[in-house]
Amino acid sequence: MSGARRLVPSGDATRCVGAGQCVLTAPEVFDQDDDGTVVVLAEEVDESYRALLAEAAYLCPASAISFAEHG
Amino acid sequence: MNEDNDTSALPELPMTRECPYHPPAGYEQLRAIGPVTRVRQFDGRPVWAVTGHLETRELLSSPHMSVNRFHPNFPMPIPALTQLQSPRTPAIGALIRTDPPEHTRQRRDILPSFTLKKIAVLKPRIEQIVEDRLDAILAKGPTVDLVEEYTKPAVAMVLSQLLGVPFADREYFEDLTYRRFDPAQVVDALSDLTDYLAQLLRAKETEPGDGLLDDLVGKVLAGELDRDELVKYALVLVIAGQETTANTIALSVLTLLEHPDQLALLLDDPSLWPNAVEELLRFLAITGGLSRVATADITIGDLTIRDGDGLIFLNPGANRDEAQFDRPNELDVRRTVRNHLTFGFGIHQCIGQNLARVELEVALRRLFARIPALALAAPMEQIPMRQGLVFGLAELPVTW
Ligand code: HEM
Ligand code: SF4
């Protein structure tokens with residue numbers, strides 16, 4: 001059942017170049033630390049975020065955004 | 001490029017724009033040959049020209065792309081760049097011209113000053129700067145050169161706010177950042193700007209203010225950053241942030257005046273502006289000719305780029321790739337696409353992009369709100385263009 005599926009977003013701060021595309025795309029999921037690099041705000045999100053997470057991963061210029069599936 | 005050195009039959013770069021708001025027609029012809037294809041530079045050396053959207057993303061984010069301009073095959077996209085290699089301008093070395101790990105460290109140094117939160121704090125000041133310039137234009141009109149009276153000074157003032165240039169030095173700073181930035185004076189202007197910034201930083205060590213330079217002067221005092229390196233950062237921010245932004249605003253005004261149906265949509269619904277800014281960025285893409293040299297063999301499609309090959313990325317062409325964009329040559333302020341390559345891609349993607357977005361949005365929205373009857377004061381064909389690494393209009397006469 002797809003409603004029960006959880007997505008686990010991740011942002012790799014060591015690769016991040018601080019372009020902010022992820023924050024502009026999914027502000028509930030990603031933010032920037034004071035040092036300018038990515039922080040992940042939500043440990044897990046539901047299926048409805050799939051398109052946004054995919055968009056953030058696609059727009060990130062440094063290939064720092066990805067997400068995994070749970071359950 | 002492989003062993004073949006006879007380049008005479010290849011298409012030649014640079015190409016120039018026939019219309020101010022379209023890329024050179026030749027970019028489309030290049031992409032028709034191939035999204036990555038061989039061309040000849042003005043000096044006769046062969047290089048790969050990249051005009052495909054997918055290929056640009058893939059190559060610019062490859063770890064095997066270097067910006068080392070001392071490599072013998074490093075491209076020279078336009079002849080005028082030779083003068084900027086002058087020994088008198090050694091300071092243009094930071095960020096845009098460094099590879100990891102040096103690049104990573106430099107980018108991390110200035111990144112805290114460019115977060116979306118920092119830009120949001122700057123926004124009211126940008127609004128104030130823009131309103132003040134509009135007051136001045138309205139007092140001077142009803143005919144002005146928008147480049148000289150609006151876009152250049154407004155962007156220079158935003159830069160001085162960002163950096164933390166004292167109010168008393170604004171005039172001098174503007175002279176250095178744009179009035180003297182023509183080919184005849186640029187080398188002197190850059191060396192004066194370098195001297196000015198070095199002197200300013202010394203003053204800030206004892207009297208800190210609230211700009212990017214002030215944020216970083218603490219690092220200098222703590223021995224974590226070299227003062228000369230901070231001067232280099234400031235210099236690259238001026239060089240990368242002034243002309244690009246000012247030219248994009250002026251060209252956006254011209255483009256909207258020439259697309260009255262699109263402008264009408266915006267006047268009708270100002271909430272469309274942020275979206276329109278993104279489309280104008282895609283459509284206008286005033287930066288072409290990002291240069292790289294490959295540091296390993298790279299396979300792209302059925303081609304192999306060899307270790308040591310030079311590449312020039314023609315991003316205005318990639319933004320018109322029909323494989324990626326529907327009706328790419330049409331300006332459509334309602335389309336919601338954010339994957340244009342106007343700010344580049346990969347680790348060098350523009351660090352000032354979110355500042356530029358705010359500057360464009362505020363400068364355009366307020367201009368048309370306060371002067372809704374704005375019109376060109378000369379036919380578009382007579383408006384002088386400035387071809388170059390950063391495309392622009394030499395002037396933009398408007399009236400109301
Ligand atoms: C519409 C305006 C702008 C455009 C079109 C633009 C375009 C670009 C592009 C294409 C690059 C990548 C160059 C490459 O990969 O070789 C770049 C990098 C850069 N831009 Fe911008 N830019 C704009 C505004 C700004 C502003 C406002 C600033 C700062 C005040 C700025 C600062 C920089 C810096 C420092 C880099 C180098 C980043 C690095 O190498 O890591 N730019 N810009
Ligand atoms: S989009 Fe990528 S590079 Fe930009 S802030 Fe997010 S993780 Fe960092």
# chains A, B, ... in the order shown; residues from 1 in each chain; ligands from 1
call {"tool": "residues_near_ligand", "arguments": {"ligand": "ligand 2", "cutoff": "8 Å", "atoms": "only C-alpha atoms and all ligand atoms", "output": "list in words"}}
result
Gly11, Asp12, Ala13, Arg15, Cys16, Val17, Gly18, Ala19, Gly20, Gln21, Cys22, Val23, Phe30, Asp31, Gln32, Gly36, Thr37, Val38, Ala56, Ala57, Leu59, Cys60, Pro61, Ala62, Ser63, Ala64 and Ile65 of chain A; Ile347 of chain B
call {"tool": "residues_around", "arguments": {"residues": "Gly44 in chain B", "least_positions_apart": "3", "cutoff": "7 Å", "atoms": "only C-alpha atoms", "output": "list in words"}}
result
Thr7, Arg40 and Gln41 of chain B
call {"tool": "select_by_dssp", "arguments": {"residues": "range 122-310 of chain B", "states": "strand (DSSP E)", "output": "list in words"}}
result
Thr143, Val144, Asp145, Leu290, Ser291, Arg292, Val293, Ala294, Ile298, Thr299, Ile300, Leu303, Thr304, Ile305 and Gly310 of chain B
call {"tool": "residues_near_ligand", "arguments": {"ligand": "ligand 1", "cutoff": "7 Å", "atoms": "only C-alpha atoms and all ligand atoms", "output": "ChimeraX atom specification"}}
result
/B:95-97,103,107,159,236-238,240-242,244-245,248,281,285-287,290-291,342-345,347-353,355-356
call {"tool": "closest_atom_pairs", "arguments": {"of": "chain B", "to": "chain A", "cutoff": "12 Å", "atoms": "only C-alpha atoms", "output": "CSV"}}
result
residue,atom,partner,partner_atom,distance
B:Leu54,CA,A:Tyr58,CA,11.4
B:Thr56,CA,A:Pro61,CA,11.4
B:Arg57,CA,A:Pro61,CA,8.2
B:Glu58,CA,A:Pro61,CA,10.0
B:Leu59,CA,A:Pro61,CA,11.3
B:Leu60,CA,A:Pro61,CA,8.8
B:Ser61,CA,A:Ala62,CA,6.7
B:Ser62,CA,A:Ala62,CA,9.5
B:Pro63,CA,A:Ala62,CA,10.0
B:Leu95,CA,A:Val17,CA,11.7
B:Pro100,CA,A:Arg15,CA,11.2
B:Pro101,CA,A:Arg15,CA,11.7
B:His103,CA,A:Val17,CA,10.2
B:Thr104,CA,A:Val17,CA,8.1
B:Arg105,CA,A:Val17,CA,10.6
B:Gln106,CA,A:Val17,CA,10.8
B:Arg107,CA,A:Val17,CA,7.3
B:Arg108,CA,A:Asp35,CA,7.5
B:Asp109,CA,A:Asp35,CA,8.6
B:Ile110,CA,A:Gly36,CA,8.8
B:Leu111,CA,A:Gly36,CA,5.3
B:Pro112,CA,A:Asp35,CA,4.6
B:Ser113,CA,A:Gly36,CA,7.8
B:Phe114,CA,A:Gly36,CA,7.1
B:Thr115,CA,A:Gly36,CA,5.4
B:Leu116,CA,A:Gly20,CA,7.0
B:Lys117,CA,A:Gln32,CA,8.5
B:Lys118,CA,A:Asp34,CA,9.3
B:Ile119,CA,A:Gly20,CA,11.3
B:Asp215,CA,A:Asp35,CA,11.9
B:Pro274,CA,A:Leu24,CA,11.9
B:Val337,CA,A:Leu59,CA,10.7
B:Arg338,CA,A:Leu59,CA,7.8
B:Asn339,CA,A:Leu59,CA,6.4
B:His340,CA,A:Leu59,CA,9.5
B:Leu341,CA,A:Pro61,CA,10.1
B:Phe343,CA,A:Ala19,CA,9.9
B:Gly344,CA,A:Pro61,CA,8.5
B:Phe345,CA,A:Pro61,CA,5.1
B:Gly346,CA,A:Pro61,CA,4.5
B:Ile347,CA,A:Ala62,CA,5.7
B:His348,CA,A:Val17,CA,8.0
B:Gln349,CA,A:Pro61,CA,6.7
B:Cys350,CA,A:Ala19,CA,7.3
B:Ile351,CA,A:Ala19,CA,6.1
B:Gly352,CA,A:Ala19,CA,8.4
B:Gln353,CA,A:Ala19,CA,7.5
B:Asn354,CA,A:Gly20,CA,7.9
B:Leu355,CA,A:Ala19,CA,10.9
B:Arg357,CA,A:Leu24,CA,11.9
call {"tool": "select_by_dssp", "arguments": {"residues": "chain A", "states": "alpha helix (DSSP H)", "output": "list in words"}}
result
Gln21, Cys22, Val23, Leu24, Thr25, Arg50, Ala51, Leu52, Leu53, Ala54, Glu55, Ala56, Ala57, Tyr58 and Leu59 of chain A
call {"tool": "closest_residue", "arguments": {"among": "B:Val36, B:Ala9, B:Val147, B:Val165", "to": "Thr299 in chain B", "atoms": "only C-alpha atoms"}}
result
B:Val36
call {"tool": "atom_distance", "arguments": {"atom1": "CA of Leu263 in chain B", "atom2": "CA of Trp400 in chain B"}}
result
15.7 Å
call {"tool": "atom_distance", "arguments": {"atom1": "CA of Val293 in chain B", "atom2": "CA of Gly388 in chain B"}}
result
20.7 Å
call {"tool": "atom_distance", "arguments": {"atom1": "CA of Gln199 in chain B", "atom2": "CA of Glu243 in chain B"}}
result
23.8 Å
call {"tool": "closest_residue", "arguments": {"among": "B:Tyr233, B:Phe70, B:Tyr150, B:Tyr196", "to": "Ile129 in chain B", "atoms": "only C-alpha atoms"}}
result
B:Tyr150
call {"tool": "residues_around", "arguments": {"residues": "Arg335 in chain B", "least_positions_apart": "3", "cutoff": "12 Å", "atoms": "only C-alpha atoms", "output": "list in words"}}
result
Gln262, Leu272, Trp273, Pro274, Asn275, Ala276, Val277, Glu278, Glu279, Leu280, Arg282, Phe283, Phe325, Asp326, Arg327, Pro328, Glu330, Leu331, Asp332, Arg338 and Asn339 of chain B
call {"tool": "write_last_selection", "arguments": {"atoms": "N, CA and C atoms", "output": "JSON list (two decimals), in the first residue's frame"}}
result
[["chain", "number", "residue", "atom", "x", "y", "z"],
["B", 262, "GLN", "N", 3.14, 39.74, -22.68],
["B", 262, "GLN", "CA", 3.75, 39.16, -21.47],
["B", 262, "GLN", "C", 3.80, 40.20, -20.36],
["B", 272, "LEU", "N", 3.08, 37.14, -10.32],
["B", 272, "LEU", "CA", 3.79, 36.36, -11.33],
["B", 272, "LEU", "C", 5.27, 36.72, -11.44],
["B", 273, "TRP", "N", 5.70, 37.83, -10.83],
["B", 273, "TRP", "CA", 7.06, 38.32, -11.04],
["B", 273, "TRP", "C", 8.18, 37.29, -10.75],
["B", 274, "PRO", "N", 8.14, 36.62, -9.58],
["B", 274, "PRO", "CA", 9.24, 35.67, -9.34],
["B", 274, "PRO", "C", 9.34, 34.62, -10.44],
["B", 275, "ASN", "N", 8.17, 34.16, -10.91],
["B", 275, "ASN", "CA", 8.17, 33.19, -11.99],
["B", 275, "ASN", "C", 8.72, 33.80, -13.29],
["B", 276, "ALA", "N", 8.33, 35.04, -13.54],
["B", 276, "ALA", "CA", 8.80, 35.74, -14.74],
["B", 276, "ALA", "C", 10.31, 35.93, -14.70],
["B", 277, "VAL", "N", 10.83, 36.20, -13.51],
["B", 277, "VAL", "CA", 12.29, 36.40, -13.38],
["B", 277, "VAL", "C", 13.01, 35.12, -13.79],
["B", 278, "GLU", "N", 12.50, 33.98, -13.36],
["B", 278, "GLU", "CA", 13.13, 32.71, -13.71],
["B", 278, "GLU", "C", 13.09, 32.47, -15.22],
["B", 279, "GLU", "N", 11.97, 32.83, -15.83],
["B", 279, "GLU", "CA", 11.84, 32.66, -17.29],
["B", 279, "GLU", "C", 12.75, 33.65, -18.03],
["B", 280, "LEU", "N", 12.83, 34.88, -17.52],
["B", 280, "LEU", "CA", 13.73, 35.85, -18.15],
["B", 280, "LEU", "C", 15.18, 35.38, -18.04],
["B", 282, "ARG", "N", 16.19, 32.27, -17.94],
["B", 282, "ARG", "CA", 16.36, 31.21, -18.94],
["B", 282, "ARG", "C", 16.49, 31.79, -20.34],
["B", 283, "PHE", "N", 15.58, 32.70, -20.65],
["B", 283, "PHE", "CA", 15.45, 33.22, -22.00],
["B", 283, "PHE", "C", 16.66, 34.08, -22.38],
["B", 325, "PHE", "N", 13.02, 21.88, -23.31],
["B", 325, "PHE", "CA", 12.00, 22.91, -23.11],
["B", 325, "PHE", "C", 11.02, 22.92, -24.27],
["B", 326, "ASP", "N", 9.76, 23.06, -23.87],
["B", 326, "ASP", "CA", 8.69, 23.19, -24.82],
["B", 326, "ASP", "C", 8.76, 24.60, -25.41],
["B", 327, "ARG", "N", 8.58, 24.78, -26.70],
["B", 327, "ARG", "CA", 8.64, 26.10, -27.34],
["B", 327, "ARG", "C", 9.79, 26.94, -26.76],
["B", 328, "PRO", "N", 11.02, 26.44, -26.88],
["B", 328, "PRO", "CA", 12.14, 27.09, -26.18],
["B", 328, "PRO", "C", 12.40, 28.54, -26.59],
["B", 330, "GLU", "N", 10.27, 30.82, -27.23],
["B", 330, "GLU", "CA", 9.17, 31.70, -26.87],
["B", 330, "GLU", "C", 9.32, 32.16, -25.43],
["B", 331, "LEU", "N", 9.17, 33.46, -25.19],
["B", 331, "LEU", "CA", 9.16, 33.96, -23.82],
["B", 331, "LEU", "C", 7.77, 33.71, -23.25],
["B", 332, "ASP", "N", 7.69, 32.99, -22.14],
["B", 332, "ASP", "CA", 6.40, 32.67, -21.54],
["B", 332, "ASP", "C", 6.53, 32.82, -20.03],
["B", 338, "ARG", "N", 12.67, 25.75, -13.66],
["B", 338, "ARG", "CA", 13.78, 26.28, -12.88],
["B", 338, "ARG", "C", 15.10, 25.64, -13.28],
["B", 339, "ASN", "N", 15.06, 24.79, -14.30],
["B", 339, "ASN", "CA", 16.28, 24.04, -14.61],
["B", 339, "ASN", "C", 17.09, 24.68, -15.73]]
call {"tool": "residues_around", "arguments": {"residues": "Pro208 in chain B", "least_positions_apart": "4", "cutoff": "12 Å", "atoms": "only C-alpha atoms", "output": "VMD selection string"}}
result
chain B and resid 163 to 166 200 to 204 212 to 218 221
call {"tool": "write_last_selection", "arguments": {"atoms": "all heavy atoms", "output": "compact mmCIF listing (two decimals), in the first residue's frame"}}
result
# COMPACT_ATOMS: atom_id res chain seq x y z
N LEU B 163 28.86 44.12 0.53
CA LEU B 163 30.24 44.04 1.00
C LEU B 163 30.45 44.83 2.29
O LEU B 163 31.30 44.47 3.11
CB LEU B 163 31.19 44.57 -0.08
CG LEU B 163 31.26 43.76 -1.37
CD1 LEU B 163 32.12 44.48 -2.41
CD2 LEU B 163 31.82 42.37 -1.12
N GLY B 164 29.69 45.92 2.45
CA GLY B 164 29.89 46.79 3.61
C GLY B 164 30.81 47.96 3.30
O GLY B 164 31.62 48.36 4.13
N VAL B 165 30.67 48.50 2.09
CA VAL B 165 31.43 49.71 1.71
C VAL B 165 30.79 50.91 2.41
O VAL B 165 29.58 51.07 2.35
CB VAL B 165 31.40 49.89 0.17
CG1 VAL B 165 31.97 51.24 -0.24
CG2 VAL B 165 32.14 48.76 -0.51
N PRO B 166 31.59 51.75 3.10
CA PRO B 166 31.01 52.89 3.81
C PRO B 166 30.31 53.85 2.85
O PRO B 166 30.72 54.00 1.70
CB PRO B 166 32.22 53.58 4.46
CG PRO B 166 33.34 52.61 4.36
CD PRO B 166 33.05 51.69 3.23
N LEU B 200 40.40 49.45 2.61
CA LEU B 200 39.14 49.36 3.33
C LEU B 200 39.21 48.26 4.40
O LEU B 200 38.75 48.44 5.53
CB LEU B 200 38.01 49.08 2.35
CG LEU B 200 36.61 48.89 2.91
CD1 LEU B 200 36.13 50.16 3.61
CD2 LEU B 200 35.62 48.50 1.82
N LEU B 201 39.81 47.15 4.04
CA LEU B 201 39.89 46.04 4.98
C LEU B 201 40.75 46.40 6.18
O LEU B 201 40.43 46.02 7.31
CB LEU B 201 40.42 44.79 4.29
CG LEU B 201 39.39 44.07 3.46
CD1 LEU B 201 40.02 42.94 2.69
CD2 LEU B 201 38.27 43.54 4.35
N ARG B 202 41.81 47.14 5.94
CA ARG B 202 42.63 47.56 7.08
C ARG B 202 41.81 48.44 8.02
O ARG B 202 41.85 48.29 9.23
CB ARG B 202 43.90 48.28 6.62
CG ARG B 202 45.05 47.30 6.38
CD ARG B 202 46.37 48.02 6.16
NE ARG B 202 46.33 48.82 4.94
CZ ARG B 202 46.60 48.34 3.74
NH1 ARG B 202 46.95 47.06 3.59
NH2 ARG B 202 46.54 49.11 2.67
N ALA B 203 41.00 49.33 7.44
CA ALA B 203 40.15 50.19 8.27
C ALA B 203 39.13 49.36 9.06
O ALA B 203 38.85 49.64 10.22
CB ALA B 203 39.44 51.22 7.39
N LYS B 204 38.60 48.32 8.41
CA LYS B 204 37.58 47.51 9.07
C LYS B 204 38.13 46.66 10.21
O LYS B 204 37.37 46.22 11.08
CB LYS B 204 36.89 46.60 8.04
CG LYS B 204 35.87 47.35 7.17
CD LYS B 204 35.21 46.42 6.22
CE LYS B 204 34.17 47.13 5.35
NZ LYS B 204 33.03 47.66 6.12
N LEU B 212 29.63 41.77 4.25
CA LEU B 212 30.36 40.52 4.04
C LEU B 212 31.83 40.66 4.44
O LEU B 212 32.41 39.77 5.05
CB LEU B 212 30.23 40.14 2.55
CG LEU B 212 30.90 38.89 2.01
CD1 LEU B 212 30.09 38.35 0.84
CD2 LEU B 212 32.32 39.12 1.56
N LEU B 213 32.42 41.80 4.10
CA LEU B 213 33.83 42.00 4.44
C LEU B 213 34.01 42.04 5.95
O LEU B 213 35.01 41.55 6.47
CB LEU B 213 34.35 43.29 3.81
CG LEU B 213 34.34 43.34 2.28
CD1 LEU B 213 34.82 44.68 1.78
CD2 LEU B 213 35.20 42.22 1.71
N ASP B 214 33.02 42.62 6.63
CA ASP B 214 33.11 42.68 8.09
C ASP B 214 32.98 41.30 8.71
O ASP B 214 33.66 40.97 9.68
CB ASP B 214 32.01 43.61 8.63
CG ASP B 214 32.12 44.99 8.00
OD1 ASP B 214 32.98 45.76 8.42
OD2 ASP B 214 31.36 45.27 7.04
N ASP B 215 32.07 40.47 8.11
CA ASP B 215 31.93 39.09 8.60
C ASP B 215 33.28 38.37 8.52
O ASP B 215 33.62 37.56 9.37
CB ASP B 215 30.94 38.28 7.73
CG ASP B 215 29.51 38.79 7.85
OD1 ASP B 215 29.24 39.59 8.77
OD2 ASP B 215 28.67 38.40 7.02
N LEU B 216 34.02 38.67 7.45
CA LEU B 216 35.24 37.90 7.20
C LEU B 216 36.49 38.51 7.81
O LEU B 216 37.51 37.84 7.95
CB LEU B 216 35.42 37.69 5.70
CG LEU B 216 34.46 36.64 5.13
CD1 LEU B 216 34.51 36.61 3.63
CD2 LEU B 216 34.79 35.26 5.69
N VAL B 217 36.41 39.78 8.19
CA VAL B 217 37.59 40.43 8.72
C VAL B 217 37.99 39.78 10.05
O VAL B 217 39.17 39.67 10.38
CB VAL B 217 37.36 41.96 8.79
CG1 VAL B 217 37.00 42.43 10.18
CG2 VAL B 217 38.56 42.70 8.24
N GLY B 218 36.99 39.27 10.76
CA GLY B 218 37.27 38.55 11.99
C GLY B 218 38.15 37.34 11.75
O GLY B 218 39.05 37.03 12.53
N LEU B 221 41.65 38.51 11.33
CA LEU B 221 42.27 38.83 12.62
C LEU B 221 42.61 37.57 13.40
O LEU B 221 43.61 37.52 14.11
CB LEU B 221 41.33 39.73 13.44
CG LEU B 221 41.16 41.15 12.88
CD1 LEU B 221 40.12 41.93 13.68
CD2 LEU B 221 42.48 41.90 12.85
call {"tool": "residues_around", "arguments": {"residues": "Ala189 in chain B", "least_positions_apart": "5", "cutoff": "7 Å", "atoms": "only C-alpha atoms", "output": "PDB file with N, CA and C atoms, in the first residue's frame"}}
result
ATOM      1  N   LEU B 176      34.744  52.732  -9.728  1.00  0.00           N
ATOM      2  CA  LEU B 176      35.602  51.567  -9.907  1.00  0.00           C
ATOM      3  C   LEU B 176      34.841  50.352 -10.417  1.00  0.00           C
ATOM      4  N   ARG B 180      34.362  52.912 -14.859  1.00  0.00           N
ATOM      5  CA  ARG B 180      35.639  52.713 -15.543  1.00  0.00           C
ATOM      6  C   ARG B 180      35.817  51.298 -16.069  1.00  0.00           C
ATOM      7  N   PHE B 181      34.713  50.571 -16.192  1.00  0.00           N
ATOM      8  CA  PHE B 181      34.842  49.174 -16.588  1.00  0.00           C
ATOM      9  C   PHE B 181      34.773  48.962 -18.100  1.00  0.00           C
TER      10      PHE B 181
END
call {"tool": "decode", "arguments": {"residues": "range 1-40 of chain A", "atoms": "C-alpha atoms", "output": "CSV table (one decimal), in the first residue's frame"}}
result
chain,number,residue,atom,x,y,z
A,1,MET,CA,0.0,0.0,0.0
A,2,SER,CA,1.7,3.2,-1.2
A,3,GLY,CA,0.1,5.4,1.5
A,4,ALA,CA,2.2,3.7,4.1
A,5,ARG,CA,5.5,4.2,2.2
A,6,ARG,CA,7.9,6.6,3.8
A,7,LEU,CA,10.7,8.5,2.1
A,8,VAL,CA,13.9,9.4,3.8
A,9,PRO,CA,15.5,12.5,2.4
A,10,SER,CA,19.2,13.2,2.8
A,11,GLY,CA,21.5,16.1,2.1
A,12,ASP,CA,25.3,15.7,2.0
A,13,ALA,CA,26.7,18.8,3.6
A,14,THR,CA,30.2,17.9,2.5
A,15,ARG,CA,29.2,18.0,-1.2
A,16,CYS,CA,26.9,21.0,-0.8
A,17,VAL,CA,27.9,24.3,-2.5
A,18,GLY,CA,25.1,26.3,-0.9
A,19,ALA,CA,23.1,27.1,-4.0
A,20,GLY,CA,19.9,26.9,-2.0
A,21,GLN,CA,17.9,25.1,-4.8
A,22,CYS,CA,16.8,22.4,-2.3
A,23,VAL,CA,15.5,25.0,0.1
A,24,LEU,CA,13.6,26.8,-2.6
A,25,THR,CA,12.1,23.5,-3.8
A,26,ALA,CA,11.1,21.9,-0.6
A,27,PRO,CA,11.4,24.3,2.4
A,28,GLU,CA,9.7,21.9,4.8
A,29,VAL,CA,12.4,19.3,4.1
A,30,PHE,CA,15.6,21.3,3.6
A,31,ASP,CA,17.2,24.3,5.1
A,32,GLN,CA,20.6,26.0,5.2
A,33,ASP,CA,22.8,26.1,8.2
A,34,ASP,CA,24.4,29.3,9.3
A,35,ASP,CA,27.5,28.1,7.4
A,36,GLY,CA,25.4,28.0,4.3
A,37,THR,CA,25.3,24.2,3.8
A,38,VAL,CA,22.2,21.9,3.6
A,39,VAL,CA,20.4,20.6,6.7
A,40,VAL,CA,17.6,18.1,6.5
